[in-house]
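Here the structure comes first, spelled out in structure tokens, and everything after it is commentary.
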Amino acid sequence: MKKYRSLHTVSLGLIILFSIITISSMNSCAPSKVVAAKSGVQLWSENCQRCHNTPSPTTFSPEIWETVGMHMQTRALLTEAERDKIVEFLKSAR
Ligand code: HEC
């Protein structure tokens, strides 16, 4: 009976340990290295054609791109860092 109980405690401990590892790796708020390494042009080409044609950088002035960036960040569920990179690209490539 005693042996059974300690085995039970060990396996319960392992379950808790693995849960903590899994949850902490899932909940990280820092952008993943993959995303952080992406350039504005890359993020623009990957994200901005999901719902409509990819807008050309020449379509709007730099000031308008700032506003569009805020608007589309919420639509495309982008992080602030991703939005900033995309807007930076859209403002510079003209
Ligand atoms: C989840 C879908 C979705 C994604 C992804 C998306 N858009 Fe849009 N976009 C829309 C919709 C819908 C509209 C029409 C206006 C509205 O109802 O919001 C729009 C409109 C626009 C317009 C017209 C001006 C405006 O602000 O309404 C521009 C420019 C634009 N998008 C640029 C972008 C860029 C740049 C990206 C990439 C960062 C992007 N969109 C990603 C859905 C999306």
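Chain labels A, B, ... are given in the sequence in which chains occur in the structure tokens; within each chain residues are numbered consecutively from 1, and ligands are likewise numbered from 1 in the order shown.
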Find the residues around stretch 79-82 of chain A up to 10 Å (only C-alpha atoms counted), leave out those fewer than 6 positions away in its own chain, and share them as number ranges by chain. A: 31, 35-36, 38-40, 43-44, 47, 69-70, 73, 88
List all protein, DNA and RNA residues that have at least one atom no more than 10 Å from any atom of ligand 1, counting only C-alpha atoms and all ligand atoms, and write them as a PDB file with N, CA and C atoms, in the first residue's frame.
```
ATOM      1  N   GLY A  40       9.942  43.371 -42.881  1.00  0.00           N
ATOM      2  CA  GLY A  40       8.659  43.981 -43.178  1.00  0.00           C
ATOM      3  C   GLY A  40       8.080  43.502 -44.493  1.00  0.00           C
ATOM      4  N   LEU A  43       6.688  39.991 -44.030  1.00  0.00           N
ATOM      5  CA  LEU A  43       5.430  39.979 -43.288  1.00  0.00           C
ATOM      6  C   LEU A  43       4.290  40.549 -44.134  1.00  0.00           C
ATOM      7  N   TRP A  44       4.605  41.583 -44.910  1.00  0.00           N
ATOM      8  CA  TRP A  44       3.615  42.200 -45.799  1.00  0.00           C
ATOM      9  C   TRP A  44       3.133  41.181 -46.838  1.00  0.00           C
ATOM     10  N   SER A  45       4.086  40.480 -47.485  1.00  0.00           N
ATOM     11  CA  SER A  45       3.706  39.537 -48.543  1.00  0.00           C
ATOM     12  C   SER A  45       2.976  38.323 -47.969  1.00  0.00           C
ATOM     13  N   GLU A  46       3.257  37.975 -46.728  1.00  0.00           N
ATOM     14  CA  GLU A  46       2.611  36.803 -46.139  1.00  0.00           C
ATOM     15  C   GLU A  46       1.231  37.118 -45.559  1.00  0.00           C
ATOM     16  N   ASN A  47       1.049  38.352 -45.034  1.00  0.00           N
ATOM     17  CA  ASN A  47      -0.180  38.652 -44.291  1.00  0.00           C
ATOM     18  C   ASN A  47      -1.211  39.488 -45.019  1.00  0.00           C
ATOM     19  N   CYS A  48      -0.785  40.354 -45.930  1.00  0.00           N
ATOM     20  CA  CYS A  48      -1.714  41.342 -46.445  1.00  0.00           C
ATOM     21  C   CYS A  48      -2.484  40.874 -47.667  1.00  0.00           C
ATOM     22  N   GLN A  49      -2.327  39.624 -48.089  1.00  0.00           N
ATOM     23  CA  GLN A  49      -3.138  39.116 -49.202  1.00  0.00           C
ATOM     24  C   GLN A  49      -4.091  38.039 -48.727  1.00  0.00           C
ATOM     25  N   ARG A  50      -4.197  37.864 -47.412  1.00  0.00           N
ATOM     26  CA  ARG A  50      -5.094  36.821 -46.913  1.00  0.00           C
ATOM     27  C   ARG A  50      -6.549  37.168 -47.166  1.00  0.00           C
ATOM     28  N   CYS A  51      -6.893  38.463 -47.142  1.00  0.00           N
ATOM     29  CA  CYS A  51      -8.300  38.851 -47.301  1.00  0.00           C
ATOM     30  C   CYS A  51      -8.557  39.675 -48.550  1.00  0.00           C
ATOM     31  N   HIS A  52      -7.523  40.303 -49.090  1.00  0.00           N
ATOM     32  CA  HIS A  52      -7.681  41.112 -50.307  1.00  0.00           C
ATOM     33  C   HIS A  52      -6.351  41.094 -51.027  1.00  0.00           C
ATOM     34  N   ASN A  53      -6.265  41.694 -52.196  1.00  0.00           N
ATOM     35  CA  ASN A  53      -4.994  41.738 -52.907  1.00  0.00           C
ATOM     36  C   ASN A  53      -3.956  42.491 -52.070  1.00  0.00           C
ATOM     37  N   THR A  54      -2.715  42.092 -52.182  1.00  0.00           N
ATOM     38  CA  THR A  54      -1.649  42.775 -51.445  1.00  0.00           C
ATOM     39  C   THR A  54      -1.592  44.229 -51.901  1.00  0.00           C
ATOM     40  N   PRO A  55      -1.784  45.175 -50.986  1.00  0.00           N
ATOM     41  CA  PRO A  55      -1.753  46.576 -51.410  1.00  0.00           C
ATOM     42  C   PRO A  55      -0.322  47.010 -51.755  1.00  0.00           C
ATOM     43  N   SER A  56      -0.203  47.720 -52.848  1.00  0.00           N
ATOM     44  CA  SER A  56       1.111  48.200 -53.259  1.00  0.00           C
ATOM     45  C   SER A  56       1.554  49.351 -52.358  1.00  0.00           C
ATOM     46  N   PRO A  57       2.842  49.452 -52.055  1.00  0.00           N
ATOM     47  CA  PRO A  57       3.335  50.550 -51.208  1.00  0.00           C
ATOM     48  C   PRO A  57       3.037  51.919 -51.800  1.00  0.00           C
ATOM     49  N   THR A  59       0.302  52.931 -53.135  1.00  0.00           N
ATOM     50  CA  THR A  59      -1.116  53.282 -53.091  1.00  0.00           C
ATOM     51  C   THR A  59      -1.394  54.483 -52.192  1.00  0.00           C
ATOM     52  N   PHE A  60      -0.691  54.559 -51.052  1.00  0.00           N
ATOM     53  CA  PHE A  60      -0.987  55.621 -50.084  1.00  0.00           C
ATOM     54  C   PHE A  60       0.271  56.367 -49.653  1.00  0.00           C
ATOM     55  N   ILE A  64      -0.933  58.017 -44.371  1.00  0.00           N
ATOM     56  CA  ILE A  64      -2.099  57.125 -44.494  1.00  0.00           C
ATOM     57  C   ILE A  64      -1.710  55.694 -44.126  1.00  0.00           C
ATOM     58  N   TRP A  65      -0.481  55.298 -44.471  1.00  0.00           N
ATOM     59  CA  TRP A  65      -0.051  53.926 -44.131  1.00  0.00           C
ATOM     60  C   TRP A  65      -0.053  53.695 -42.630  1.00  0.00           C
ATOM     61  N   GLU A  66       0.256  54.751 -41.859  1.00  0.00           N
ATOM     62  CA  GLU A  66       0.203  54.625 -40.391  1.00  0.00           C
ATOM     63  C   GLU A  66      -1.207  54.225 -39.943  1.00  0.00           C
ATOM     64  N   THR A  67      -2.200  54.926 -40.507  1.00  0.00           N
ATOM     65  CA  THR A  67      -3.593  54.651 -40.138  1.00  0.00           C
ATOM     66  C   THR A  67      -4.031  53.269 -40.616  1.00  0.00           C
ATOM     67  N   VAL A  68      -3.684  52.964 -41.871  1.00  0.00           N
ATOM     68  CA  VAL A  68      -4.035  51.647 -42.410  1.00  0.00           C
ATOM     69  C   VAL A  68      -3.395  50.556 -41.533  1.00  0.00           C
ATOM     70  N   GLY A  69      -2.156  50.800 -41.110  1.00  0.00           N
ATOM     71  CA  GLY A  69      -1.458  49.815 -40.266  1.00  0.00           C
ATOM     72  C   GLY A  69      -2.225  49.523 -38.993  1.00  0.00           C
ATOM     73  N   MET A  70      -2.726  50.579 -38.331  1.00  0.00           N
ATOM     74  CA  MET A  70      -3.490  50.384 -37.093  1.00  0.00           C
ATOM     75  C   MET A  70      -4.780  49.611 -37.369  1.00  0.00           C
ATOM     76  N   HIS A  71      -5.425  49.994 -38.481  1.00  0.00           N
ATOM     77  CA  HIS A  71      -6.683  49.346 -38.863  1.00  0.00           C
ATOM     78  C   HIS A  71      -6.450  47.859 -39.175  1.00  0.00           C
ATOM     79  N   MET A  72      -5.441  47.570 -39.998  1.00  0.00           N
ATOM     80  CA  MET A  72      -5.214  46.196 -40.448  1.00  0.00           C
ATOM     81  C   MET A  72      -4.529  45.327 -39.398  1.00  0.00           C
ATOM     82  N   GLN A  73      -3.903  45.973 -38.409  1.00  0.00           N
ATOM     83  CA  GLN A  73      -3.317  45.182 -37.318  1.00  0.00           C
ATOM     84  C   GLN A  73      -4.419  44.400 -36.598  1.00  0.00           C
ATOM     85  N   THR A  74      -5.550  45.074 -36.383  1.00  0.00           N
ATOM     86  CA  THR A  74      -6.648  44.399 -35.693  1.00  0.00           C
ATOM     87  C   THR A  74      -7.314  43.365 -36.606  1.00  0.00           C
ATOM     88  N   ARG A  75      -7.379  43.656 -37.897  1.00  0.00           N
ATOM     89  CA  ARG A  75      -7.973  42.696 -38.836  1.00  0.00           C
ATOM     90  C   ARG A  75      -7.096  41.453 -38.961  1.00  0.00           C
ATOM     91  N   ALA A  76      -5.806  41.666 -39.160  1.00  0.00           N
ATOM     92  CA  ALA A  76      -4.887  40.553 -39.450  1.00  0.00           C
ATOM     93  C   ALA A  76      -4.319  39.915 -38.186  1.00  0.00           C
ATOM     94  N   LEU A  77      -4.702  40.426 -37.012  1.00  0.00           N
ATOM     95  CA  LEU A  77      -4.198  39.923 -35.733  1.00  0.00           C
ATOM     96  C   LEU A  77      -2.672  39.902 -35.695  1.00  0.00           C
ATOM     97  N   LEU A  78      -2.099  41.050 -35.998  1.00  0.00           N
ATOM     98  CA  LEU A  78      -0.647  41.180 -35.979  1.00  0.00           C
ATOM     99  C   LEU A  78      -0.193  41.709 -34.626  1.00  0.00           C
ATOM    100  N   GLU A  82       5.156  43.381 -35.569  1.00  0.00           N
ATOM    101  CA  GLU A  82       4.906  42.991 -36.963  1.00  0.00           C
ATOM    102  C   GLU A  82       4.309  44.156 -37.737  1.00  0.00           C
ATOM    103  N   ARG A  83       3.331  44.831 -37.120  1.00  0.00           N
ATOM    104  CA  ARG A  83       2.714  45.968 -37.783  1.00  0.00           C
ATOM    105  C   ARG A  83       3.745  47.051 -38.091  1.00  0.00           C
ATOM    106  N   ASP A  84       4.590  47.357 -37.096  1.00  0.00           N
ATOM    107  CA  ASP A  84       5.593  48.402 -37.297  1.00  0.00           C
ATOM    108  C   ASP A  84       6.522  48.073 -38.467  1.00  0.00           C
ATOM    109  N   LYS A  85       6.919  46.808 -38.554  1.00  0.00           N
ATOM    110  CA  LYS A  85       7.803  46.402 -39.655  1.00  0.00           C
ATOM    111  C   LYS A  85       7.107  46.567 -41.006  1.00  0.00           C
ATOM    112  N   ILE A  86       5.843  46.153 -41.074  1.00  0.00           N
ATOM    113  CA  ILE A  86       5.099  46.243 -42.333  1.00  0.00           C
ATOM    114  C   ILE A  86       4.913  47.710 -42.729  1.00  0.00           C
ATOM    115  N   VAL A  87       4.489  48.545 -41.754  1.00  0.00           N
ATOM    116  CA  VAL A  87       4.261  49.962 -42.037  1.00  0.00           C
ATOM    117  C   VAL A  87       5.570  50.637 -42.456  1.00  0.00           C
ATOM    118  N   PHE A  89       8.018  49.267 -43.987  1.00  0.00           N
ATOM    119  CA  PHE A  89       8.268  48.861 -45.382  1.00  0.00           C
ATOM    120  C   PHE A  89       7.375  49.635 -46.346  1.00  0.00           C
ATOM    121  N   LEU A  90       6.066  49.717 -46.026  1.00  0.00           N
ATOM    122  CA  LEU A  90       5.124  50.376 -46.929  1.00  0.00           C
ATOM    123  C   LEU A  90       5.462  51.857 -47.111  1.00  0.00           C
TER     124      LEU A  90
END
```
If I take atom CA of A:Lys91 and atom CA of A:Pro62, how far is one from the other in Å, to one decimal?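 We find that atom CA of A:Lys91 and atom CA of A:Pro62 lie 4.7 Å from each other.
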